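Colleague: Structure supplied as start-v5.txt; contents: compact mmCIF, C-alpha atoms and all ligand atoms.
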# COMPACT_ATOMS: atom_id res chain seq x y z
CA MET A 177 -7.96 -0.65 -13.18
CA ALA A 178 -10.33 -1.08 -10.24
CA LYS A 179 -13.89 0.18 -10.65
CA VAL A 180 -14.57 2.90 -8.07
CA TYR A 181 -18.02 3.83 -6.73
CA TYR A 182 -19.07 7.04 -4.98
CA SER A 183 -22.05 8.45 -3.03
CA ASN A 184 -24.12 8.85 -6.23
CA ASP A 185 -23.87 5.10 -6.79
CA ALA A 186 -25.40 4.30 -3.38
CA ASP A 187 -29.08 4.19 -2.48
CA MET A 188 -29.78 4.23 1.25
CA SER A 189 -33.32 2.96 0.67
CA TYR A 190 -31.81 -0.55 0.45
CA LEU A 191 -31.41 -0.30 4.24
CA ASN A 192 -34.97 0.98 4.83
CA GLY A 193 -36.74 -1.07 7.49
CA LYS A 194 -33.61 -3.15 8.03
CA THR A 195 -31.63 -3.62 11.23
CA VAL A 196 -27.86 -4.03 11.14
CA ALA A 197 -26.13 -6.12 13.81
CA ILE A 198 -22.54 -5.08 14.41
CA ILE A 199 -20.88 -8.09 16.02
CA GLY A 200 -17.88 -6.83 17.99
CA TYR A 201 -17.19 -3.31 19.24
CA GLY A 202 -13.42 -3.02 18.86
CA SER A 203 -11.43 -1.00 16.35
CA GLN A 204 -13.77 -1.55 13.38
CA GLY A 205 -16.96 -2.38 15.31
CA HIS A 206 -17.31 0.90 17.21
CA ALA A 207 -16.70 2.91 14.02
CA HIS A 208 -19.19 1.00 11.84
CA ALA A 209 -21.85 1.07 14.58
CA GLN A 210 -21.50 4.78 15.29
CA ASN A 211 -21.22 5.88 11.65
CA LEU A 212 -24.23 3.81 10.58
CA ARG A 213 -26.30 5.13 13.49
CA ASP A 214 -25.36 8.71 12.61
CA SER A 215 -26.40 7.95 9.00
CA GLY A 216 -29.90 7.03 10.25
CA VAL A 217 -29.50 3.24 10.18
CA ASN A 218 -31.05 1.05 12.87
CA VAL A 219 -28.11 -0.64 14.64
CA VAL A 220 -27.82 -3.24 17.38
CA VAL A 221 -24.49 -4.42 18.77
CA GLY A 222 -23.76 -8.11 19.43
CA LEU A 223 -21.18 -8.99 22.09
CA ARG A 224 -20.22 -11.09 25.07
CA LYS A 225 -20.26 -9.47 28.53
CA GLY A 226 -17.03 -7.51 29.13
CA LYS A 227 -15.15 -4.33 28.32
CA SER A 228 -16.61 -3.77 24.86
CA TRP A 229 -20.13 -4.54 26.08
CA ASP A 230 -19.85 -1.82 28.74
CA LYS A 231 -18.45 0.65 26.23
CA ALA A 232 -21.20 0.02 23.68
CA VAL A 233 -23.86 0.47 26.39
CA GLN A 234 -22.15 3.67 27.50
CA ASP A 235 -22.23 4.86 23.86
CA GLY A 236 -26.00 4.40 23.89
CA PHE A 237 -26.36 1.21 21.84
CA ASP A 238 -28.87 -1.57 22.22
CA VAL A 239 -26.41 -4.32 23.15
CA LYS A 240 -27.38 -7.99 22.96
CA THR A 241 -25.65 -11.34 22.93
CA VAL A 242 -24.35 -12.32 19.51
CA ALA A 243 -27.22 -14.81 19.08
CA GLU A 244 -29.89 -12.26 20.05
CA ALA A 245 -28.38 -9.57 17.83
CA THR A 246 -28.29 -11.98 14.85
CA GLN A 247 -31.88 -12.98 15.50
CA ALA A 248 -33.00 -9.33 15.66
CA SER A 249 -31.24 -8.23 12.45
CA ASP A 250 -31.30 -8.43 8.65
CA ILE A 251 -27.63 -7.61 8.08
CA ILE A 252 -24.99 -9.15 10.33
CA GLN A 253 -21.54 -7.56 10.10
CA ILE A 254 -18.92 -9.77 11.80
CA LEU A 255 -16.22 -7.55 13.33
CA LEU A 256 -14.64 -10.05 15.71
CA PRO A 257 -10.95 -11.05 15.55
CA ASP A 258 -10.59 -13.31 12.49
CA GLU A 259 -9.44 -16.35 14.48
CA ILE A 260 -12.48 -16.14 16.84
CA GLN A 261 -15.06 -15.82 14.05
CA PRO A 262 -15.53 -19.51 13.04
CA ASP A 263 -16.54 -20.74 16.53
CA THR A 264 -18.78 -17.74 17.24
CA TYR A 265 -20.36 -18.13 13.80
CA LYS A 266 -21.07 -21.85 14.32
CA ASN A 267 -22.46 -21.50 17.85
CA GLU A 268 -24.23 -18.14 17.86
CA ILE A 269 -24.78 -16.82 14.33
CA GLU A 270 -25.49 -19.75 12.01
CA PRO A 271 -28.53 -21.03 13.99
CA HIS A 272 -30.24 -17.64 13.48
CA LEU A 273 -29.09 -16.93 9.93
CA THR A 274 -32.44 -17.36 8.22
CA GLU A 275 -33.23 -16.97 4.51
CA GLY A 276 -32.94 -13.42 3.17
CA LYS A 277 -30.44 -12.17 5.73
CA ALA A 278 -27.02 -10.81 4.73
CA LEU A 279 -23.69 -11.73 6.28
CA PHE A 280 -21.04 -9.00 6.09
CA PHE A 281 -17.29 -9.06 6.76
CA ALA A 282 -14.45 -6.51 6.86
CA HIS A 283 -11.83 -9.09 5.88
CA GLY A 284 -12.29 -12.12 3.64
CA PHE A 285 -10.10 -14.67 5.46
CA ASN A 286 -12.80 -16.95 6.89
CA ILE A 287 -14.94 -17.03 3.75
CA HIS A 288 -12.04 -17.40 1.34
CA PHE A 289 -10.39 -20.18 3.37
CA LYS A 290 -13.77 -21.82 4.06
CA GLN A 291 -13.61 -21.53 7.85
CA ILE A 292 -17.14 -20.12 7.61
CA VAL A 293 -19.50 -21.64 5.04
CA PRO A 294 -22.79 -19.71 5.06
CA PRO A 295 -26.02 -21.23 3.71
CA ASP A 296 -26.86 -20.54 0.03
CA ASN A 297 -29.92 -18.44 0.89
CA VAL A 298 -28.08 -15.47 2.45
CA ASP A 299 -26.03 -12.68 0.86
CA VAL A 300 -22.31 -12.64 1.66
CA VAL A 301 -20.66 -9.23 1.27
CA LEU A 302 -17.31 -7.64 2.15
CA ILE A 303 -17.00 -4.00 3.18
CA ALA A 304 -13.38 -3.46 4.16
CA PRO A 305 -12.36 0.08 5.10
CA LYS A 306 -8.75 0.79 4.15
CA GLY A 307 -7.93 2.25 7.52
CA PRO A 308 -8.11 1.44 11.23
CA GLY A 309 -11.48 1.87 12.92
CA HIS A 310 -10.55 4.98 14.86
CA LEU A 311 -9.70 6.75 11.60
CA VAL A 312 -12.97 5.50 10.04
CA ARG A 313 -14.87 7.17 12.88
CA ARG A 314 -12.79 10.37 13.07
CA VAL A 315 -12.90 11.08 9.34
CA TYR A 316 -16.68 10.43 9.27
CA GLU A 317 -17.16 12.95 12.11
CA GLU A 318 -15.15 15.46 10.06
CA GLY A 319 -17.63 15.00 7.20
CA PHE A 320 -15.54 12.76 4.95
CA GLY A 321 -14.87 9.04 4.64
CA VAL A 322 -12.10 6.47 4.49
CA PRO A 323 -11.91 4.51 1.19
CA ALA A 324 -13.18 0.94 1.35
CA LEU A 325 -13.31 -2.25 -0.70
CA ILE A 326 -16.56 -3.97 -1.67
CA ALA A 327 -16.96 -7.60 -2.75
CA VAL A 328 -19.90 -9.92 -3.14
CA GLU A 329 -19.31 -13.65 -2.60
CA GLN A 330 -22.98 -14.71 -2.61
CA ASP A 331 -25.93 -12.82 -4.07
CA ALA A 332 -28.97 -14.70 -2.80
CA SER A 333 -31.24 -11.62 -2.75
CA GLY A 334 -30.19 -10.29 -6.14
CA GLN A 335 -29.44 -7.01 -4.29
CA ALA A 336 -26.27 -7.89 -2.39
CA PHE A 337 -24.13 -5.27 -4.15
CA GLU A 338 -26.74 -2.52 -3.66
CA ILE A 339 -27.14 -3.40 0.03
CA GLY A 340 -23.36 -3.39 0.36
CA MET A 341 -23.11 0.04 -1.29
CA ALA A 342 -25.80 1.43 1.05
CA TYR A 343 -23.78 0.09 4.00
CA ALA A 344 -20.57 1.59 2.59
CA ASN A 345 -22.39 4.89 2.23
CA GLY A 346 -23.60 4.62 5.83
CA ILE A 347 -20.06 4.33 7.18
CA GLY A 348 -18.93 7.26 5.00
CA ALA A 349 -16.73 5.29 2.60
CA THR A 350 -18.50 6.39 -0.61
CA LYS A 351 -17.37 9.99 0.02
CA ALA A 352 -13.79 8.80 -0.55
CA GLY A 353 -14.47 5.98 -3.02
CA VAL A 354 -15.35 2.29 -2.83
CA LEU A 355 -13.26 -0.09 -4.95
CA LYS A 356 -14.74 -3.30 -6.27
CA THR A 357 -12.77 -6.45 -5.53
CA THR A 358 -13.34 -10.10 -4.66
CA PHE A 359 -12.99 -11.96 -1.36
CA LYS A 360 -10.03 -13.81 -2.90
CA GLU A 361 -8.21 -10.66 -3.98
CA GLU A 362 -8.85 -8.80 -0.71
CA THR A 363 -7.75 -11.73 1.44
CA GLU A 364 -4.62 -12.66 -0.48
CA THR A 365 -3.38 -9.09 -0.97
CA ASP A 366 -4.14 -8.12 2.64
CA LEU A 367 -2.15 -11.09 3.95
CA PHE A 368 0.66 -10.48 1.49
CA GLY A 369 0.92 -6.77 2.35
CA GLU A 370 0.97 -7.26 6.11
CA GLN A 371 3.45 -10.15 5.98
CA THR A 372 5.99 -8.93 3.47
CA VAL A 373 5.83 -5.13 3.68
CA LEU A 374 3.71 -3.45 6.34
CA CYS A 375 4.28 -5.61 9.41
CA GLY A 376 6.68 -8.51 8.77
CA GLY A 377 8.88 -6.75 6.23
CA VAL A 378 9.19 -3.47 8.13
CA SER A 379 9.74 -5.15 11.53
CA GLU A 380 12.59 -7.28 10.17
CA LEU A 381 14.11 -4.33 8.31
CA VAL A 382 14.12 -2.30 11.52
CA LYS A 383 15.58 -5.18 13.54
CA ALA A 384 18.27 -5.87 10.95
CA GLY A 385 19.28 -2.20 10.75
CA PHE A 386 19.35 -1.79 14.55
CA GLU A 387 21.40 -4.96 15.04
CA THR A 388 23.87 -4.06 12.26
CA LEU A 389 24.60 -0.72 13.92
CA THR A 390 24.81 -2.01 17.51
CA GLU A 391 26.98 -4.99 16.50
CA ALA A 392 29.30 -2.47 14.84
CA GLY A 393 29.64 -0.69 18.19
CA TYR A 394 27.23 2.22 17.79
CA GLN A 395 25.10 3.21 20.79
CA PRO A 396 21.72 1.45 20.87
CA GLU A 397 19.84 4.72 21.52
CA ILE A 398 21.30 6.27 18.37
CA ALA A 399 20.58 3.10 16.38
CA TYR A 400 16.97 3.17 17.64
CA PHE A 401 16.45 6.76 16.46
CA GLU A 402 17.93 6.05 13.04
CA CYS A 403 16.22 2.73 12.34
CA LEU A 404 12.83 2.95 14.09
CA HIS A 405 11.90 6.37 15.45
CA GLU A 406 12.47 8.26 12.20
CA LEU A 407 10.50 5.71 10.22
CA LYS A 408 7.29 7.57 11.04
CA LEU A 409 8.61 10.79 9.52
CA ILE A 410 9.47 8.99 6.30
CA VAL A 411 6.23 6.96 6.17
CA ASP A 412 4.17 10.12 6.77
CA LEU A 413 5.89 11.71 3.76
CA MET A 414 5.22 8.61 1.61
CA TYR A 415 1.59 8.54 2.81
CA GLU A 416 1.09 12.14 1.76
CA GLY A 417 3.08 12.20 -1.49
CA GLY A 418 4.21 8.72 -2.44
CA LEU A 419 7.89 7.94 -3.01
CA THR A 420 8.31 11.16 -5.02
CA GLY A 421 6.89 13.29 -2.19
CA MET A 422 9.18 11.62 0.32
CA ARG A 423 12.22 12.15 -1.91
CA TYR A 424 11.28 15.81 -2.38
CA SER A 425 11.61 16.37 1.37
CA ILE A 426 14.72 14.39 2.21
CA SER A 427 18.24 15.61 1.45
CA ASP A 428 19.83 14.82 -1.93
CA THR A 429 22.43 12.80 -0.04
CA ALA A 430 19.67 10.62 1.42
CA GLU A 431 17.97 10.36 -1.97
CA TYR A 432 21.19 9.21 -3.70
CA GLY A 433 21.75 6.63 -0.92
CA ASP A 434 18.13 5.51 -1.31
CA TYR A 435 18.69 4.75 -5.03
CA VAL A 436 22.06 3.03 -4.74
CA SER A 437 21.77 1.13 -1.43
CA GLY A 438 18.06 0.32 -1.05
CA ARG A 439 18.06 -2.22 -3.86
CA ARG A 440 21.19 -3.90 -2.47
CA VAL A 441 19.30 -4.60 0.77
CA ILE A 442 15.92 -5.46 -0.76
CA GLY A 443 17.20 -7.23 -3.85
CA GLU A 444 16.52 -10.43 -5.78
CA ALA A 445 16.62 -12.62 -2.65
CA SER A 446 13.83 -10.56 -1.04
CA ARG A 447 11.73 -10.60 -4.22
CA LYS A 448 12.15 -14.38 -4.43
CA ALA A 449 11.10 -14.71 -0.77
CA MET A 450 8.06 -12.48 -1.43
CA LYS A 451 7.01 -14.77 -4.29
CA GLU A 452 7.31 -17.80 -1.99
CA VAL A 453 5.25 -16.08 0.71
CA LEU A 454 2.60 -15.17 -1.88
CA LYS A 455 2.45 -18.75 -3.12
CA GLU A 456 1.92 -20.05 0.43
CA ILE A 457 -0.87 -17.52 0.93
CA GLN A 458 -2.51 -18.51 -2.36
CA ASP A 459 -2.30 -22.26 -1.83
CA GLY A 460 -3.64 -22.03 1.75
CA THR A 461 -0.43 -23.08 3.53
CA PHE A 462 -0.26 -19.90 5.61
CA ALA A 463 -3.95 -20.06 6.57
CA ARG A 464 -3.64 -23.74 7.58
CA ASN A 465 -0.53 -23.01 9.69
CA TRP A 466 -2.15 -20.01 11.41
CA ILE A 467 -5.41 -21.87 12.14
CA ASN A 468 -3.46 -24.83 13.62
CA GLU A 469 -1.18 -22.49 15.61
CA HIS A 470 -4.21 -20.72 17.11
CA LYS A 471 -6.04 -23.98 17.86
CA SER A 472 -3.02 -25.46 19.63
CA GLY A 473 -2.71 -22.50 22.02
CA ARG A 474 -0.28 -20.39 19.94
CA PRO A 475 3.04 -21.83 21.31
CA ASN A 476 5.22 -20.45 18.49
CA PHE A 477 3.30 -17.17 18.27
CA ASN A 478 3.84 -16.57 22.00
CA LYS A 479 7.51 -17.54 21.85
CA MET A 480 8.25 -15.16 18.96
CA ALA A 481 6.25 -12.33 20.56
CA GLN A 482 8.12 -12.76 23.87
CA ALA A 483 11.53 -12.85 22.20
CA ASP A 484 10.90 -9.55 20.40
CA LYS A 485 9.42 -7.93 23.54
CA GLU A 486 12.62 -8.76 25.44
CA SER A 487 14.98 -7.66 22.63
CA GLN A 488 17.42 -4.80 23.12
CA LEU A 489 15.60 -2.83 20.42
CA GLU A 490 12.36 -2.93 22.40
CA GLN A 491 14.01 -2.25 25.76
CA VAL A 492 15.82 0.81 24.41
CA GLY A 493 12.63 1.91 22.64
CA ARG A 494 10.56 1.77 25.82
CA GLU A 495 13.16 3.91 27.62
CA LEU A 496 13.39 6.48 24.84
CA ARG A 497 9.62 6.73 24.33
CA SER A 498 9.19 7.48 28.04
CA MET A 499 11.17 10.69 27.33
CA MET A 500 8.67 11.70 24.66
CA SER A 501 5.69 13.35 26.35
CA TRP A 502 3.66 13.45 23.12
CA ILE A 503 3.72 9.68 22.67
CA ASN A 504 1.02 7.68 24.39
CA ASP A 505 2.77 4.32 24.72
CA LYS A 506 0.71 2.13 27.04
CA GLN A 507 3.68 -0.23 27.40
CA THR A 508 6.23 2.39 28.35
CA VAL A 509 7.56 1.85 31.84
CA LYS A 510 8.19 5.25 33.42
CA ASN A 511 10.78 5.31 36.19
N1 LIG B 601 -8.26 -3.22 12.93
C1 LIG B 601 -8.29 -2.78 11.69
O1 LIG B 601 -7.80 -1.71 11.39
C2 LIG B 601 -8.93 -3.55 10.59
C3 LIG B 601 -9.60 -4.71 10.85
N2 LIG B 601 -10.27 -5.34 9.84
C4 LIG B 601 -11.04 -6.55 10.14
O2 LIG B 601 -12.11 -6.20 11.02
C5 LIG B 601 -12.44 -7.31 11.84
C6 LIG B 601 -12.42 -6.89 13.29
O3 LIG B 601 -11.10 -6.54 13.65
P1 LIG B 601 -10.79 -5.44 14.78
O4 LIG B 601 -11.82 -4.36 14.75
O5 LIG B 601 -9.34 -5.09 14.62
O6 LIG B 601 -11.01 -6.32 16.12
P2 LIG B 601 -10.75 -5.88 17.63
O7 LIG B 601 -9.81 -6.88 18.21
O8 LIG B 601 -10.40 -4.44 17.71
O9 LIG B 601 -12.18 -6.04 18.31
C7 LIG B 601 -12.77 -7.28 18.49
C8 LIG B 601 -14.12 -7.14 19.18
O10 LIG B 601 -14.68 -8.45 19.26
C9 LIG B 601 -15.12 -8.68 20.59
N3 LIG B 601 -15.03 -10.12 20.86
C10 LIG B 601 -13.91 -10.88 20.92
N4 LIG B 601 -14.23 -12.17 21.16
C11 LIG B 601 -15.58 -12.20 21.24
C12 LIG B 601 -16.52 -13.25 21.46
N5 LIG B 601 -16.11 -14.52 21.64
N6 LIG B 601 -17.84 -12.93 21.49
C13 LIG B 601 -18.25 -11.67 21.30
N7 LIG B 601 -17.41 -10.62 21.09
C14 LIG B 601 -16.10 -10.89 21.06
C15 LIG B 601 -14.18 -7.86 21.45
O11 LIG B 601 -14.83 -7.59 22.68
P3 LIG B 601 -14.19 -7.84 24.14
O12 LIG B 601 -13.94 -6.49 24.71
O13 LIG B 601 -15.26 -8.60 24.85
O14 LIG B 601 -12.92 -8.65 23.93
C16 LIG B 601 -14.05 -6.59 20.59
O15 LIG B 601 -15.15 -5.75 20.79
C17 LIG B 601 -11.44 -8.42 11.48
O16 LIG B 601 -12.04 -9.23 10.52
C18 LIG B 601 -10.28 -7.64 10.87
O17 LIG B 601 -9.50 -8.40 9.95
C19 LIG B 601 -10.34 -4.84 8.57
C20 LIG B 601 -9.69 -3.69 8.25
C21 LIG B 601 -8.84 -3.00 9.21
C1 LIG B 602 -1.88 -4.07 8.12
C2 LIG B 602 -2.60 -4.92 9.10
C3 LIG B 602 -4.06 -5.22 8.77
O1 LIG B 602 -4.14 -5.91 7.54
C4 LIG B 602 -4.83 -3.93 8.64
C5 LIG B 602 -5.00 -3.02 9.81
O2 LIG B 602 -5.29 -3.61 7.57
C6 LIG B 602 -4.60 -6.10 9.89
O3 LIG B 602 -4.95 -7.26 9.59
O4 LIG B 602 -4.65 -5.65 11.04
MG MG B 603 -5.16 -4.86 6.07
MG MG B 604 -5.02 -7.87 7.70
Mind turning the file's structure into structure tokens?
Ligand SMILES: NC(=O)C1=CN([C@@H]2O[C@H](COP(=O)(O)OP(=O)(O)OC[C@H]3O[C@@H](n4cnc5c(N)ncnc54)[C@H](OP(=O)(O)O)[C@@H]3O)[C@@H](O)[C@H]2O)C=CC1
Ligand SMILES: CC[C@](O)(C(C)=O)C(=O)O
Ligand SMILES: [Mg+2]
Ligand SMILES: [Mg+2]

Modeller:
Amino acid sequence: MAKVYYSNDADMSYLNGKTVAIIGYGSQGHAHAQNLRDSGVNVVVGLRKGKSWDKAVQDGFDVKTVAEATQASDIIQILLPDEIQPDTYKNEIEPHLTEGKALFFAHGFNIHFKQIVPPDNVDVVLIAPKGPGHLVRRVYEEGFGVPALIAVEQDASGQAFEIGMAYANGIGATKAGVLKTTFKEETETDLFGEQTVLCGGVSELVKAGFETLTEAGYQPEIAYFECLHELKLIVDLMYEGGLTGMRYSISDTAEYGDYVSGRRVIGEASRKAMKEVLKEIQDGTFARNWINEHKSGRPNFNKMAQADKESQLEQVGRELRSMMSWINDKQTVKN
């Protein structure tokens, strides 16, 4: 079982006299910066000129270039998109990463796959909230916290874990619980989860269900409601009460169908495919492919994204969501 740490295990004095640079002010960046500031920590934000820069200034932060923010700080939390991090690190962070500083991440990809190799004389720590940044901020404002993972890859100071726990406390995570892991475990399980279940698995399941119904002659709008729209209702029930909670709320007819048909759809073939995906994550094949895809201008990524955007499922979805006043879909085209 994972070891879990709470507020009593954190000592904020490890951040006394220290400045934290939050590099990036997107989903995670704005939440870490604001929560730490509200917890009394001295924060600067590192960015390039643009939308996020203006927002961070508007939110009252001392905003600097990434190089200046790194220079001015003791703890540097990199909250840039993962594929951008290696170049920004090389050009703007590494030259100012002097002995005794600490490099923080919210996802282990670049350390685990050696796209960033920090010097031996700095701490390397992971604080990964298990929720999107806007939830991390909202729950903190409500007086609670979102659970997070903590991992130490390099402990140059001898205090890397304690500094990490103080940081986790500053963003509110210790109120919920902070689970100890490693960069390897966080990276591999995060990639596995998003590819096979949360993003890749669910998207393909939805597409397959929608196409099966429409090919059988059912109306696309009805297929959309049954295979995508209602997913949220079911996921919300799972989120609140696990599989048992979800099954408590659905009809017995649905529950019986769940038991007898679910495993026919996600059967041995899917489990075998999941094992293959996991192996390619573990042996670095996926990381190598993604890094090369990004470096070569993302031709396949763009092609696949475009194909799904133009699919009947997405066209019907945009139309139907425009009828739903409570949904804020920035992509919905209203007639
Ligand atoms: N999103 C999430 O829920 C979670 C994310 N993570 C991890 O957190 C990290 C950050 O992800 P996320 O918050 O989603 O990222 P976002 O895409 O939301 O934000 C990225 C930020 O980086 C800035 N940025 C992009 N390129 C540069 C650059 N070249 N120089 C300076 N600033 C730049 C962007 O500013 P601009 O406006 O200028 O583009 C923006 O402020 C990643 O490691 C991710 O894996 C971990 C857990 C959950
Ligand atoms: C599930 C997607 C995720 O892993 C996340 C928000 O945790 C990501 O990389 O965006
Ligand atoms: Mg994740
Ligand atoms: Mg991820």

Colleague: Within 10 Å of ligand LIG 602 (chain B), which residues show up when you count all atoms listed in the file? List them as a list in words, please.

Modeller: Ser203, Gln204, Pro257, Asp258, Ala282, His283, Phe285, Ala304, Pro305, Lys306, Gly307, Pro308, Gly309, Glu362, Thr363, Thr365, Asp366, Leu367, Phe368, Gly369, Glu370, Gln371, Val373, Leu374, Cys375 and Gly376 of chain A

Colleague: Using all atoms listed in the file, which protein or nucleic acid residues come within 8 Å of Gln488 in chain A? Drop anything in the same chain fewer than 3 positions from it, and give the result as a PyMOL selection string.

Modeller: chain A and resi 396+491-492

Colleague: Identify the residues within 12 Å of coordinate (9.1, 5.3, 1.1) (same frame as the file), considering all atoms listed in the file, and give the answer as a list in words.

Modeller: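 Residues satisfying the cut-off, written out: Val373, Leu374, Val378, Glu406, Leu407, Lys408, Leu409, Ile410, Val411, Asp412, Leu413, Met414, Tyr415, Glu416, Gly417, Gly418, Leu419, Thr420, Gly421, Met422, Arg423, Tyr424, Ser425, Ile426, Ala430, Glu431, Asp434, Tyr435 and Gly438 of chain A.
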
Colleague: For ligand LIG 601 (chain B), which of A:Arg224, A:Lys356, A:Arg497, A:His272 is the closest residue, counting only C-alpha atoms and all ligand atoms?

Modeller: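 Closest to ligand LIG 601 (chain B), using only C-alpha atoms and all ligand atoms: A:Arg224.
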
Colleague: Hey, which of A:Asp484, A:Glu338, A:Asp505, A:Glu259 ends up closest to Asn468 in chain A? Count all atoms listed in the file.

Modeller: A:Glu259

Colleague: Let me make sure I understand: among A:Asn267, A:Gln395, A:Thr274, A:Ser501, which one has the smallest atom-to-atom distance to Ile252 in chain A if we use only C-alpha atoms?

Modeller: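 Counting only C-alpha atoms, the residue closest to Ile252 in chain A is A:Thr274.
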
Colleague: Could you work out how far CA of Gly346 in chain A lies from CA of Val217 in chain A, giving the answer in Å with one decimal?

Modeller: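 Answer for the CA of Val217 in chain A to CA of Gly346 in chain A separation: 7.5 Å.
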
Colleague: Calculate how many Å separate CA of Gly493 in chain A from CA of Tyr400 in chain A, rounding to one decimal.

Modeller: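 Between CA of Gly493 in chain A and CA of Tyr400 in chain A the gap works out to 6.7 Å.
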
Colleague: Residues at most 9 Å from Glu268 in chain A, counting all atoms listed in the file, excluding those fewer than 6 positions away in the same chain, as an NGL selection string?

Modeller: :A and (241-244 or 246)

Colleague: Just how far from CA of Glu361 in chain A is CA of Gln253 in chain A, in Å to one decimal?

Modeller: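 These two atoms are separated by 19.6 Å.
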
Colleague: With all atoms listed in the file as the atoms that count, which of A:Ser446, A:Asn286, A:Asn218, A:Ser249 lies nearest to ligand LIG 601 (chain B)?

Modeller: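 Of A:Ser446, A:Asn286, A:Asn218, A:Ser249, the one nearest ligand LIG 601 (chain B) is A:Asn286, counting all atoms listed in the file.
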